[in-house]
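Asker: Got a structure for you, questions after.
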Amino acid sequence: MQNELMQTAAVILAAGMSKRFGSSKPLAPIGRRTLLEAVVMLARGSGLDPVISVVPPGLAVPAGVLPALNSAPSSGLSHSLRIGLAAVPAEIEAALILLGDQPTMALRTVRAVLAGAANDRRVVAARAEGRLGPPVLLRREAFAMANAAMGDEGLRAILIDHPDLVTAVDVQLHAPDVDTLADLAALGEPCPGCDALFQPVRQDATHEYIGASPACWAAFGEVLAREFGDPRYGWIHRHTVDVYTVQHPGLDERRQRQSVALHLIGLCHWLEHGKGMRELNPITERLASGGGDWPWLDPPVTYALTVRDVLDATTSAEHGALVRQWAEETWRAWAPHHELIRRWASEALH
């Protein structure tokens with residue numbers, strides 16, 4: 001979530017030559033989305049607005065993204081940086097620089113850098129193992145620093161030479177760049193439900209009808225262990241289950257259709273009617289025992305936030321905030337079905 005006192009744009013640099021990759025990197029598939037779409041969803045999930053992407057001519061950007069064309073990609077990253085910053089609307093006070101070939105950048109890292117903007121310094125940058133890197137936040141008064149950037153180096157050398165201008169935010173590690181097809185493969189395998197990337201796990205255990213990969217199901221188990229083990233986390237458990245379930249609808253069969261419908265109703269009751277766990281559980285039990293045959297709802301292609309992001313929480317307060325944001329983004333993704341779900345939710349309250 002961006003700094004509440006400063007309107008911040010996202011500037012995604014995605015106009016590289018992709019020489020080592022062998023084809024257009026921004027359009028490379030990663031699960032059910034492209035590399036560029038993955039970074040755009042991260043920016044949107046972080047509350048950045050507008051989202052600007054620097055791309056070469058002829059490359060279409062995702063809907064709602066402002067394109068900034070770089071007609072000379074061979075001029076390097078620094079040229080793209082200047083083009084992107086020039087495209088930031090005049091009323092926007094800062095820009096967060098993201099790289100289009102870092103689709104696994106953690107939401108926690110972006111949030112930490114945005115929080116660092118509370119400091120009065122002109123620049124905020126992530127730091128891992130003593131090295132500065134993206135994401136980098138520039139206040140508008142620092143945009144001119146890009147004029148001195150050269151080639152593919154970007155701002156790194158300039159920031160190192162001017163530590164007095166930089167708030168360095170320590171993070172666990174920098175997101176890996178995708179430079180080759182091998183780099184892309186190393187990111188992991190997508191979950192068939194939420195489309196998040198996970199490294200394969202040896203176990204094959206999953207839920208009987210929730211459509212999650214073993215690795216994603218194991219990640220959900222870690223979240224549940226926190227909630228069952230500590231009441232400071234556990235108060236939001238019902239909502240966690242609602243969100244996870246609707247992100248993993250499985251197959252078009254009776255149990256799956258009912259499960260998704262009832263958990264979507266639960267999400268609607270929480271987010272739009274303010275209903276808590278004690279109120280929701282009896283409603284769900286009543287609907288489940290009604291014997292109705294719920295219709296199949298075509299699920300979203302992908303999601304801005306997943307259980308991976310919730311695992312990044314380090315405190316109970318952060319956990320609660322992330323589950324709420326996860327729920328809001330997931331509910332938004334199901335927007336084509338809102339009219340029907342709201343009707344179901346209204347009927348369930350009477």
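Within each chain, counting starts at residue 1; across the structure tokens, chains are named A, B, ... in the order shown, with ligands numbered 1 upward in that order.
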For range 37-49 of chain A, please output as a JSON list (two decimals) with C-alpha atoms, in the first residue's frame all residues within 7 Å (counting only C-alpha atoms; exclusion window: fewer than 6 positions along the same chain).

Answerer:
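Output saved as around.json:
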```
[["chain", "number", "residue", "atom", "x", "y", "z"],
["A", 1, "MET", "CA", 0.00, 0.00, 0.00],
["A", 2, "GLN", "CA", 1.57, 3.28, -1.08],
["A", 8, "THR", "CA", 3.04, 7.39, -6.37],
["A", 9, "ALA", "CA", 3.12, 6.02, -9.91],
["A", 10, "ALA", "CA", 4.64, 2.75, -11.04],
["A", 62, "PRO", "CA", -2.17, -4.70, -20.43],
["A", 100, "GLY", "CA", 9.67, -5.88, -16.30],
["A", 103, "PRO", "CA", 7.97, -11.06, -12.01],
["A", 107, "LEU", "CA", 4.83, -7.53, -2.37],
["A", 111, "ARG", "CA", 5.52, -2.23, 0.63],
["A", 304, "ALA", "CA", -2.99, -9.78, -7.97],
["A", 305, "LEU", "CA", -2.38, -11.40, -4.55]]
```

Asker: Tell me which protein, DNA and RNA residues are within 12 Å of Ala87 in chain A, counting only C-alpha atoms, leaving out same-chain ones fewer than 6 positions away, and put them as a list of chain:residue names.

Answerer: A:Ala9, A:Ala10, A:Val11, A:Ile12, A:Pro50, A:Val51, A:Ile52, A:Ser53, A:Val54, A:Val65, A:Leu66, A:Pro67, A:Ala68, A:Leu69, A:Asn70, A:Ser80, A:Leu81, A:Ala94, A:Ala95, A:Arg140, A:Phe143

Asker: Write out as number ranges by chain all residues of range 56-276 of chain A that backbone DSSP assigns to helix (DSSP H, G or I).

Answerer: A: 73-75, 77-86, 107-118, 140-148, 156-161, 163-165, 181-186, 214-229, 231-234, 237-247, 254-273

Asker: Write out as JSON, numbers by chain the residues lying within 9 Å of range 233-240 of chain A, counting only C-alpha atoms and excluding same-chain residues fewer than 4 positions away.

Answerer: {"A": [223, 224, 226, 227, 228, 229, 244, 245, 263, 266, 267, 270, 276, 277, 280, 281, 315, 316, 317, 319, 320, 323, 324, 326, 327]}

Asker: I'd like the interatomic distance between CA of Gly221 in chain A and CA of Leu311 in chain A, to a tenth of an Å.

Answerer: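 Computing it gives 10.3 Å between the two atoms.
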
Asker: Could you give me, as a list in words, the residues within 9 Å of Arg139 in chain A, counting only C-alpha atoms and dropping anything in the same chain fewer than 5 positions from it?

Answerer: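 Skipping anything fewer than 5 positions along the chain leaves Thr8, Glu93, Ala94, Ala95, Leu96, Ala117, Arg121, Arg122, Val123 and Val124 of chain A.
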
Asker: Using only C-alpha atoms, can you tell me which of A:Ala219, A:Leu349, A:Ile210, A:Ile83 comes closest to Cys268 in chain A?

Answerer: A:Leu349

Asker: Report as JSON, numbers by chain all protein, DNA and RNA residues lying within 7 Å of range 182-192 of chain A, evaluated on only C-alpha atoms, omitting residues in the same chain fewer than 4 positions from it.

Answerer: {"A": [31, 178, 196, 197, 198, 199, 200, 211, 212, 213, 216]}

Asker: Find the residues near Leu59 in chain A: any atom within 10 Å, counting only C-alpha atoms, skip ones fewer than 6 places away on the same chain, and give them as a list of chain:residue names.

Answerer: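 Those residues are A:Ala14, A:Ala15, A:Ser24, A:Pro26, A:Leu27, A:Pro67, A:Leu69.
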
Asker: Could you work out how far CA of Ile283 in chain A lies from CA of Ala348 in chain A, giving the answer in Å with one decimal?

Answerer: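 CA of Ile283 in chain A lies at a distance of 6.9 Å from CA of Ala348 in chain A.
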
Asker: Quick one: residues within 12 Å of Trp296 in chain A, only C-alpha atoms counted, chain neighbours fewer than 4 positions away excluded, as a PyMOL selection string?

Answerer: chain A and resi 246+249-261+337+340

Asker: Save the residues we just selected, C-alpha atoms, as a PDB file, in the first residue's frame?

Answerer:
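The file below, again_28.pdb, is the result:
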```
ATOM      1  CA  VAL A 246     -12.470 -19.203  -4.378  1.00  0.00           C
ATOM      2  CA  PRO A 249     -12.250 -23.677  -7.765  1.00  0.00           C
ATOM      3  CA  GLY A 250     -11.159 -27.039  -9.142  1.00  0.00           C
ATOM      4  CA  LEU A 251     -13.420 -28.837 -11.631  1.00  0.00           C
ATOM      5  CA  ASP A 252     -16.972 -28.177 -12.754  1.00  0.00           C
ATOM      6  CA  GLU A 253     -18.568 -30.692 -10.381  1.00  0.00           C
ATOM      7  CA  ARG A 254     -21.314 -30.359  -7.770  1.00  0.00           C
ATOM      8  CA  ARG A 255     -19.141 -30.104  -4.644  1.00  0.00           C
ATOM      9  CA  GLN A 256     -16.755 -27.641  -6.261  1.00  0.00           C
ATOM     10  CA  ARG A 257     -19.590 -25.459  -7.564  1.00  0.00           C
ATOM     11  CA  GLN A 258     -21.212 -25.340  -4.136  1.00  0.00           C
ATOM     12  CA  SER A 259     -17.929 -24.658  -2.363  1.00  0.00           C
ATOM     13  CA  VAL A 260     -17.018 -21.728  -4.602  1.00  0.00           C
ATOM     14  CA  ALA A 261     -20.519 -20.242  -4.470  1.00  0.00           C
ATOM     15  CA  HIS A 337     -20.128 -12.364 -11.404  1.00  0.00           C
ATOM     16  CA  LEU A 340     -25.293 -12.776  -9.261  1.00  0.00           C
TER      17      LEU A 340
END
```

Asker: Closest to Leu85 in chain A among A:Ala333, A:Ile341, A:Leu137, A:Val61, using only C-alpha atoms?

Answerer: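 For Leu85 in chain A, the nearest of the candidates is A:Leu137.
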
Asker: Could you go through range 162-259 of chain A and tell me which residues DSSP, when run on the backbone, assigns to strand (DSSP E or B), listing them as an MDAnalysis selection string?

Answerer: chainID A and resid 166:170 189:190 197:198

Asker: Please produce a file of those selected residues containing C-alpha atoms, as a PDB file, in the first residue's frame.

Answerer:
```pdb
ATOM      1  CA  VAL A 166      19.061   7.561  -0.288  1.00  0.00           C
ATOM      2  CA  THR A 167      17.010   5.763   2.334  1.00  0.00           C
ATOM      3  CA  ALA A 168      18.129   2.136   2.054  1.00  0.00           C
ATOM      4  CA  VAL A 169      15.478  -0.392   3.092  1.00  0.00           C
ATOM      5  CA  ASP A 170      16.911  -3.777   4.026  1.00  0.00           C
ATOM      6  CA  GLU A 189       5.656 -24.112 -11.386  1.00  0.00           C
ATOM      7  CA  PRO A 190       2.313 -22.288 -11.452  1.00  0.00           C
ATOM      8  CA  LEU A 197       4.654 -19.787  -8.705  1.00  0.00           C
ATOM      9  CA  PHE A 198       6.040 -22.378  -6.308  1.00  0.00           C
TER      10      PHE A 198
END
```
